[in-house]
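Colleague: Okay, so here is target06.tsv, and as you'll see once you scroll down, it has TSV, C-alpha atoms and all ligand atoms.
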```
chain	number	residue	atom	x	y	z
A	13	MET	CA	140.79	158.43	68.49
A	14	ARG	CA	140.40	154.71	67.89
A	15	VAL	CA	137.29	154.33	65.75
A	16	VAL	CA	135.94	150.79	65.87
A	17	GLU	CA	132.83	151.58	63.83
A	18	ALA	CA	131.15	154.57	62.21
A	19	PHE	CA	127.87	153.49	60.67
A	20	GLY	CA	124.29	154.37	59.92
A	21	PRO	CA	121.73	155.53	59.37
A	22	THR	CA	120.27	152.84	61.58
A	23	VAL	CA	117.74	152.85	64.42
A	24	GLN	CA	118.63	153.11	68.11
A	25	GLY	CA	117.59	149.90	69.84
A	26	GLU	CA	117.23	150.83	73.51
A	27	GLY	CA	116.96	153.58	76.09
A	28	PRO	CA	115.28	156.98	75.78
A	29	LEU	CA	116.07	157.33	72.06
A	30	ALA	CA	114.85	153.83	71.08
A	31	GLY	CA	113.32	153.86	67.63
A	32	ARG	CA	115.11	157.02	66.46
A	33	VAL	CA	117.21	157.15	63.32
A	34	THR	CA	120.86	157.65	64.19
A	35	HIS	CA	124.46	157.32	63.17
A	36	PHE	CA	126.70	155.45	65.60
A	37	LEU	CA	130.31	156.38	66.30
A	38	ARG	CA	131.81	153.55	68.30
A	39	LEU	CA	135.11	154.42	69.98
A	40	GLY	CA	137.47	151.73	71.21
A	41	GLY	CA	138.51	151.01	74.77
A	42	CYS	CA	136.64	150.32	77.98
A	43	ASP	CA	137.54	150.36	81.66
A	44	TYR	CA	135.03	147.53	82.40
A	45	ARG	CA	134.96	143.88	81.38
A	46	CYS	CA	131.28	142.89	81.56
A	47	SER	CA	130.64	139.15	81.28
A	48	TRP	CA	127.87	139.69	78.74
A	49	CYS	CA	129.39	142.58	76.79
A	50	ASP	CA	127.91	142.63	73.27
A	51	THR	CA	130.77	144.71	71.81
A	52	PRO	CA	133.92	142.85	72.97
A	53	TYR	CA	135.68	144.03	69.79
A	54	ALA	CA	135.46	147.58	71.20
A	55	VAL	CA	136.84	146.49	74.59
A	56	ASP	CA	139.63	143.95	74.00
A	57	PRO	CA	142.88	145.99	73.90
A	58	ALA	CA	144.39	143.82	71.15
A	59	GLN	CA	141.37	144.37	68.90
A	60	VAL	CA	141.12	148.06	69.76
A	61	ARG	CA	144.77	148.52	68.73
A	62	GLN	CA	143.78	147.14	65.31
A	63	ALA	CA	141.08	149.82	64.93
A	64	GLU	CA	141.83	152.89	62.86
A	65	ASN	CA	143.47	155.74	64.74
A	66	LEU	CA	141.79	158.80	63.22
A	67	SER	CA	142.14	162.54	63.65
A	68	ASP	CA	139.12	164.73	64.38
A	69	GLU	CA	138.92	165.73	60.72
A	70	GLN	CA	139.14	162.14	59.53
A	71	VAL	CA	136.29	161.11	61.84
A	72	LEU	CA	134.14	163.96	60.57
A	73	ASP	CA	134.94	162.90	56.99
A	74	ARG	CA	133.83	159.35	57.81
A	75	LEU	CA	130.54	160.62	59.19
A	76	ASP	CA	130.05	162.90	56.19
A	77	ALA	CA	130.39	159.87	53.91
A	78	LEU	CA	127.29	158.27	55.47
A	79	ALA	CA	123.77	159.04	54.28
A	80	PRO	CA	122.43	161.79	56.61
A	81	ALA	CA	120.83	161.18	60.01
A	82	PRO	CA	119.52	163.71	62.54
A	83	LEU	CA	121.18	162.08	65.55
A	84	LEU	CA	124.71	160.91	66.35
A	85	THR	CA	125.18	158.39	69.15
A	86	LEU	CA	128.67	158.22	70.64
A	87	SER	CA	129.16	154.74	71.98
A	88	GLY	CA	131.88	152.23	72.76
A	89	GLY	CA	133.45	150.69	74.73
A	90	ASN	CA	133.29	153.67	76.98
A	91	PRO	CA	133.53	156.75	74.73
A	92	VAL	CA	134.11	158.98	77.73
A	93	LEU	CA	137.65	157.61	78.01
A	94	TRP	CA	138.44	159.88	75.04
A	95	PRO	CA	139.17	163.59	75.61
A	96	LEU	CA	137.12	164.96	72.72
A	97	SER	CA	138.07	168.50	71.76
A	98	GLU	CA	135.75	171.53	71.70
A	99	ARG	CA	136.45	171.86	67.99
A	100	PHE	CA	135.42	168.29	67.31
A	101	LEU	CA	132.24	168.70	69.35
A	102	ASP	CA	131.48	171.89	67.40
A	103	GLY	CA	131.96	169.94	64.18
A	104	LEU	CA	129.48	167.33	65.35
A	105	ARG	CA	126.98	169.96	66.51
A	106	TRP	CA	127.12	171.61	63.12
A	107	ARG	CA	126.31	168.29	61.41
A	108	TYR	CA	123.61	166.85	63.68
A	109	ASP	CA	120.37	168.06	65.27
A	110	ARG	CA	121.15	166.03	68.34
A	111	LEU	CA	124.15	164.35	69.99
A	112	ALA	CA	123.85	161.45	72.41
A	113	VAL	CA	126.44	159.60	74.46
A	114	GLU	CA	126.17	156.19	76.09
A	115	THR	CA	128.44	155.37	79.02
A	116	GLN	CA	128.45	153.23	82.13
A	117	GLY	CA	129.18	156.37	84.17
A	118	SER	CA	132.63	155.48	85.47
A	119	ARG	CA	134.41	158.65	84.45
A	120	TRP	CA	133.34	162.25	83.89
A	121	ARG	CA	134.67	164.59	81.26
A	122	GLU	CA	133.55	168.14	80.63
A	123	TRP	CA	132.52	167.42	77.03
A	124	VAL	CA	129.86	165.02	78.33
A	125	GLY	CA	128.01	168.06	79.63
A	126	ARG	CA	127.71	169.41	76.06
A	127	VAL	CA	125.75	166.56	74.47
A	128	ASP	CA	121.94	166.66	74.29
A	129	SER	CA	121.29	163.18	75.59
A	130	LEU	CA	123.40	161.50	78.28
A	131	VAL	CA	122.43	157.86	78.74
A	132	VAL	CA	124.16	156.34	81.76
A	133	SER	CA	124.06	152.58	82.03
A	134	PRO	CA	125.58	151.32	85.30
A	135	LYS	CA	126.28	147.61	85.27
A	136	PRO	CA	124.30	145.20	87.47
A	137	PRO	CA	125.58	142.09	89.32
A	138	SER	CA	125.25	139.70	86.35
A	139	SER	CA	127.92	141.71	84.52
A	140	GLY	CA	130.49	140.93	87.23
A	141	MET	CA	131.16	144.68	87.42
A	142	ALA	CA	128.87	145.74	90.29
A	143	THR	CA	131.76	146.27	92.69
A	144	ALA	CA	131.89	148.79	95.54
A	145	GLU	CA	134.59	150.71	93.65
A	146	HIS	CA	132.45	150.96	90.51
A	147	ARG	CA	129.45	152.10	92.55
A	148	HIS	CA	131.64	154.81	94.02
A	149	GLN	CA	132.72	155.88	90.51
A	150	PHE	CA	129.09	155.94	89.41
A	151	ASP	CA	128.04	158.03	92.42
A	152	ARG	CA	130.82	160.51	91.65
A	153	PHE	CA	129.74	160.63	87.99
A	154	MET	CA	126.12	161.25	88.95
A	155	SER	CA	127.14	164.07	91.29
A	156	ARG	CA	128.38	165.85	88.14
A	157	ALA	CA	125.63	164.64	85.78
A	158	PHE	CA	122.48	165.14	87.83
A	159	LEU	CA	121.74	168.63	86.44
A	160	HIS	CA	122.19	167.53	82.82
A	161	PRO	CA	118.86	168.22	81.05
A	162	GLY	CA	119.16	165.13	78.84
A	163	LEU	CA	120.19	162.68	81.55
A	164	ALA	CA	118.62	159.20	81.64
A	165	LEU	CA	119.53	156.00	83.43
A	166	LYS	CA	119.32	152.60	81.79
A	167	VAL	CA	119.96	149.24	83.46
A	168	VAL	CA	120.21	145.96	81.59
A	169	VAL	CA	118.49	143.23	83.60
A	170	PHE	CA	119.01	139.48	83.31
A	171	ASP	CA	117.65	138.19	86.63
A	172	GLY	CA	116.14	139.02	90.01
A	173	ALA	CA	119.45	140.14	91.52
A	174	ASP	CA	119.89	142.63	88.67
A	175	LEU	CA	116.37	143.93	89.19
A	176	ASP	CA	116.95	144.39	92.94
A	177	TRP	CA	120.12	146.28	92.12
A	178	ALA	CA	118.32	148.41	89.52
A	179	ARG	CA	115.76	149.33	92.16
A	180	THR	CA	118.52	150.77	94.39
A	181	VAL	CA	119.86	152.83	91.48
A	182	HIS	CA	116.41	154.25	90.76
A	183	ALA	CA	115.81	154.95	94.46
A	184	SER	CA	119.08	156.93	94.57
A	185	HIS	CA	118.06	159.07	91.57
A	186	PRO	CA	114.24	159.06	91.59
A	187	ARG	CA	113.84	162.11	89.31
A	188	VAL	CA	116.07	160.79	86.53
A	189	PRO	CA	114.10	159.08	83.71
A	190	PHE	CA	114.67	155.38	84.24
A	191	TYR	CA	114.84	152.64	81.59
A	192	LEU	CA	115.10	148.90	82.01
A	193	SER	CA	116.33	146.69	79.16
A	194	ALA	CA	115.78	142.94	79.16
A	195	GLY	CA	119.30	141.56	78.62
A	196	THR	CA	120.34	139.31	75.74
A	197	ASP	CA	122.52	136.26	76.14
A	198	ILE	CA	125.40	136.83	73.70
A	199	ALA	CA	125.65	133.16	72.70
A	200	GLU	CA	121.91	133.07	72.07
A	201	ALA	CA	122.02	136.31	70.06
A	202	ALA	CA	124.01	134.60	67.31
A	203	HIS	CA	121.31	131.94	67.09
A	204	ALA	CA	118.32	131.88	64.77
A	205	ASP	CA	115.71	131.75	67.57
A	206	VAL	CA	117.11	134.76	69.40
A	207	VAL	CA	113.72	136.48	69.29
A	208	ALA	CA	112.13	133.75	71.44
A	209	GLY	CA	114.77	134.27	74.14
A	210	VAL	CA	114.40	138.05	74.03
A	211	ALA	CA	110.60	137.74	74.23
A	212	ALA	CA	110.80	135.36	77.21
A	213	ARG	CA	113.10	137.64	79.22
A	214	TYR	CA	111.15	140.76	78.24
A	215	GLY	CA	107.90	139.11	79.34
A	216	TRP	CA	109.45	138.11	82.65
A	217	LEU	CA	110.81	141.63	83.20
A	218	CYS	CA	107.47	143.27	82.35
A	219	GLU	CA	105.67	141.05	84.88
A	220	GLN	CA	108.23	141.82	87.59
A	221	VAL	CA	108.07	145.57	87.03
A	222	ALA	CA	104.28	145.63	86.81
A	223	ALA	CA	104.13	144.05	90.27
A	224	GLU	CA	106.66	146.47	91.77
A	225	PRO	CA	105.29	149.86	92.89
A	226	ASP	CA	108.83	151.26	93.31
A	227	LEU	CA	109.39	150.82	89.56
A	228	SER	CA	106.01	152.01	88.33
A	229	ASP	CA	107.57	154.98	86.50
A	230	ALA	CA	110.25	152.88	84.75
A	231	VAL	CA	110.15	152.32	80.99
A	232	VAL	CA	110.63	148.64	80.18
A	233	LEU	CA	111.99	147.68	76.76
A	234	PRO	CA	113.56	144.72	74.99
A	235	GLN	CA	116.79	145.33	73.08
A	236	LEU	CA	115.13	146.12	69.78
A	237	HIS	CA	118.34	145.93	67.74
A	238	VAL	CA	118.74	142.28	68.81
A	239	ILE	CA	115.23	141.47	67.59
A	240	ALA	CA	116.05	143.10	64.26
A	241	TRP	CA	119.61	141.97	63.71
A	242	GLY	CA	120.80	139.54	66.42
A	243	GLN	CA	124.52	140.17	66.99
A	244	ARG	CA	125.28	141.56	63.54
A	245	VAL	CA	127.94	144.27	63.63
A	246	GLY	CA	127.56	147.61	61.83
A	247	VAL	CA	123.75	147.89	61.88
B	301	LIG	S1	130.81	148.83	79.97
B	301	LIG	FE1	129.76	148.37	78.04
B	301	LIG	S2	131.40	148.26	76.49
B	301	LIG	FE2	132.39	148.14	78.51
B	301	LIG	S3	132.61	145.93	78.89
B	301	LIG	FE3	130.66	146.60	79.83
B	301	LIG	S4	129.07	146.24	78.26
B	301	LIG	FE4	131.10	146.18	77.23
```
Go ahead and render the structure in this file as structure tokens.
Ligand code: SF4
Modeller:
Amino acid sequence: MRVVEAFGPTVQGEGPLAGRVTHFLRLGGCDYRCSWCDTPYAVDPAQVRQAENLSDEQVLDRLDALAPAPLLTLSGGNPVLWPLSERFLDGLRWRYDRLAVETQGSRWREWVGRVDSLVVSPKPPSSGMATAEHRHQFDRFMSRAFLHPGLALKVVVFDGADLDWARTVHASHPRVPFYLSAGTDIAEAAHADVVAGVAARYGWLCEQVAAEPDLSDAVVLPQLHVIAWGQRVGV
């Protein structure tokens, strides 16, 4: 598999595992092209081709070389594009207390059912990816995922249109734990005053959600990793 990054221990910055110590395994390749993607180096085919192409054993060796962490987060790109083997999953299970995967929910694979935490992050209108076809893919994915005990939904929100869209996602899956993340402008994230921008959008999002009975059970968070590290890679 194309490994763009294997790093940690660090702390998960958003979603249901926010604040937990984790390793990240970032696999290359993505079937979306979100306008505000914060990991373009894991999406752009030319850059992904430059990433190391590692065997299962080599990936496990890379993870073993890191200081220990209780959790492994499989991320991307879209890690679900990769057909991970049973043996590889067993190797990960043996090493970690908990496995998590983050995906936009465009494609199902059986191995996704074997992780402990399945964080599905469908993309709202501001990403440019909220097409009818992608909604159909997401609905198909959720028809497979809805019984997963560790399933959670997370929507990144930049504006009112995104929040309206998030509300429809939550209404379609009202029993699935629902997380909202105030989005970060990628140009701003490289800037020294990134925290002010994050705080402003988080404040706006909190006020919107507090006034919205349909979202009263949502968990609203800023992207904590941006507050800590801006757009730094490998943390
Ligand atoms: S789905 Fe995620 S990794 Fe893929 S382009 Fe969108 S934000 Fe980037």
Colleague: As a quick test: using all atoms listed in the file, which residues lie no more than 6 Å away from ligand LIG 301 (chain B)? Give them as a ChimeraX atom specification.
Modeller: /A:42,44-46,49,51,88-90,116
Colleague: Would you export the selected residues with C-alpha atoms as an mmCIF file, in the frame of the given file, please?
Modeller:
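Result saved to out20.cif:
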```
data_model
loop_
_atom_site.group_PDB
_atom_site.id
_atom_site.type_symbol
_atom_site.label_atom_id
_atom_site.label_comp_id
_atom_site.auth_asym_id
_atom_site.auth_seq_id
_atom_site.Cartn_x
_atom_site.Cartn_y
_atom_site.Cartn_z
ATOM 1 C CA CYS A 42 136.640 150.320 77.980
ATOM 2 C CA TYR A 44 135.030 147.530 82.400
ATOM 3 C CA ARG A 45 134.960 143.880 81.380
ATOM 4 C CA CYS A 46 131.280 142.890 81.560
ATOM 5 C CA CYS A 49 129.390 142.580 76.790
ATOM 6 C CA THR A 51 130.770 144.710 71.810
ATOM 7 C CA GLY A 88 131.880 152.230 72.760
ATOM 8 C CA GLY A 89 133.450 150.690 74.730
ATOM 9 C CA ASN A 90 133.290 153.670 76.980
ATOM 10 C CA GLN A 116 128.450 153.230 82.130
#
```
Colleague: Compile the contact shell of range 28-33 of chain A as a list in words: residues with an atom at most 9 Å away, counting all atoms listed in the file, same-chain residues fewer than 6 positions apart removed.
Modeller: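 Counting only the stated atoms, we get Gly20, Pro21, Thr22, Ala81, Pro82, Leu83, Leu84, Ala112, Ser129, Val131, Ala164, Leu165, Lys166, Pro189, Phe190, Tyr191, Val231, Leu233, Gln235 and Leu236 of chain A.
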Colleague: If we count all atoms listed in the file and set the cut-off at 12 Å, which residues sit around Phe19 in chain A, ignoring sequence neighbours fewer than 4 positions away in its own chain? Please answer as a ChimeraX atom specification.
Modeller: /A:15,23-24,33-39,71,74-81,83-87,245-247
Colleague: Go through range 74-131 of chain A residue by residue and, counting all atoms listed in the file, keep those with an atom at most 12 Å from range 142-153 of chain A; for each kept residue give the shortest atom pair and its distance in Å to one decimal, ordered by chain and increasing number, as CSV.
Modeller:
```
residue,atom,partner,partner_atom,distance
A:Val92,CA,A:Phe153,CA,11.3
A:Thr115,CA,A:Phe150,CA,10.4
A:Gln116,CA,A:Phe150,CA,7.8
A:Gly117,CA,A:Phe150,CA,5.3
A:Ser118,CA,A:Gln149,CA,5.1
A:Arg119,CA,A:Phe153,CA,6.2
A:Trp120,CA,A:Phe153,CA,5.7
A:Arg121,CA,A:Phe153,CA,9.2
A:Glu122,CA,A:Phe153,CA,11.2
A:Val124,CA,A:Phe153,CA,10.6
A:Gly125,CA,A:Phe153,CA,11.3
A:Leu130,CA,A:Phe153,CA,11.6
```
Colleague: Under the rule that only C-alpha atoms are counted, which of A:Asp73, A:Ser47, A:Val210, A:Val188 is the nearest residue to Ser138 in chain A?
Modeller: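 Closest to Ser138 in chain A of all the choices is A:Ser47.
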Colleague: Taking all atoms listed in the file into account, which of A:Asp226, A:Glu114, A:Asp197, A:Glu219 comes nearest His182 in chain A?
Modeller: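 Once distances to His182 in chain A are computed over all atoms listed in the file, the minimum belongs to A:Asp226.
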Colleague: Rank A:Pro186, A:Pro136, A:Gly195, A:Gly209 by their smallest atom-to-atom distance to Val232 in chain A, using all atoms listed in the file, and report the top residue only.
Modeller: A:Gly195
Colleague: Report the distance between CA of Met13 in chain A and CA of Phe100 in chain A in Å, rounded to one decimal place.
Modeller: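 That distance, rounded to one decimal, is 11.3 Å.
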Colleague: Which of these residues is nearest to Ser193 in chain A, using only C-alpha atoms: A:Trp216, A:Glu26, A:Trp241, A:Asp205?
Modeller: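 Ranked by minimum distance to Ser193 in chain A, first place goes to A:Glu26.
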Colleague: Excluding range 56-62 of chain A and residues on its chain fewer than 5 positions from it, collect all residues at most 7 Å away from it, counting all atoms listed in the file, and give them as an MDAnalysis selection string.
Modeller: chainID A and resid 14 40:41
Colleague: So how far away is CA of Gly25 in chain A from CA of Ala183 in chain A, in Å?
Modeller: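 We find that CA of Ala183 in chain A and CA of Gly25 in chain A lie 25.2 Å from each other.
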Colleague: Nearest to Pro137 in chain A: which of A:Ala54, A:Leu175, A:Leu101, A:Ala157 is it, counting only C-alpha atoms?
Modeller: A:Leu175
Colleague: Applying 8 Å and all atoms listed in the file, which residues near Asp128 in chain A remain after dropping the ones on its own chain fewer than 2 positions away? List them as a PyMOL selection string.
Modeller: chain A and resi 110-112+126+130+161-162
Colleague: Could you check how far CA of Val167 in chain A sits from CA of Leu104 in chain A, in Å to one decimal?
Modeller: 27.3 Å
Colleague: As AutoDock Vina command-line options, what would the box around range 117-128 of chain A look like: edges along x, y and z, 4 Å added on every side, centre and edge lengths in Å to one decimal?
Modeller:
```
--center_x 128.3 --center_y 162.4 --center_z 79.9 --size_x 20.7 --size_y 21.9 --size_z 19.2
```
Colleague: So, with all atoms listed in the file as the atoms that count, which of A:Trp94, A:Pro52, A:Met154, A:Arg99 lies closest to Ser184 in chain A?
Modeller: A:Met154
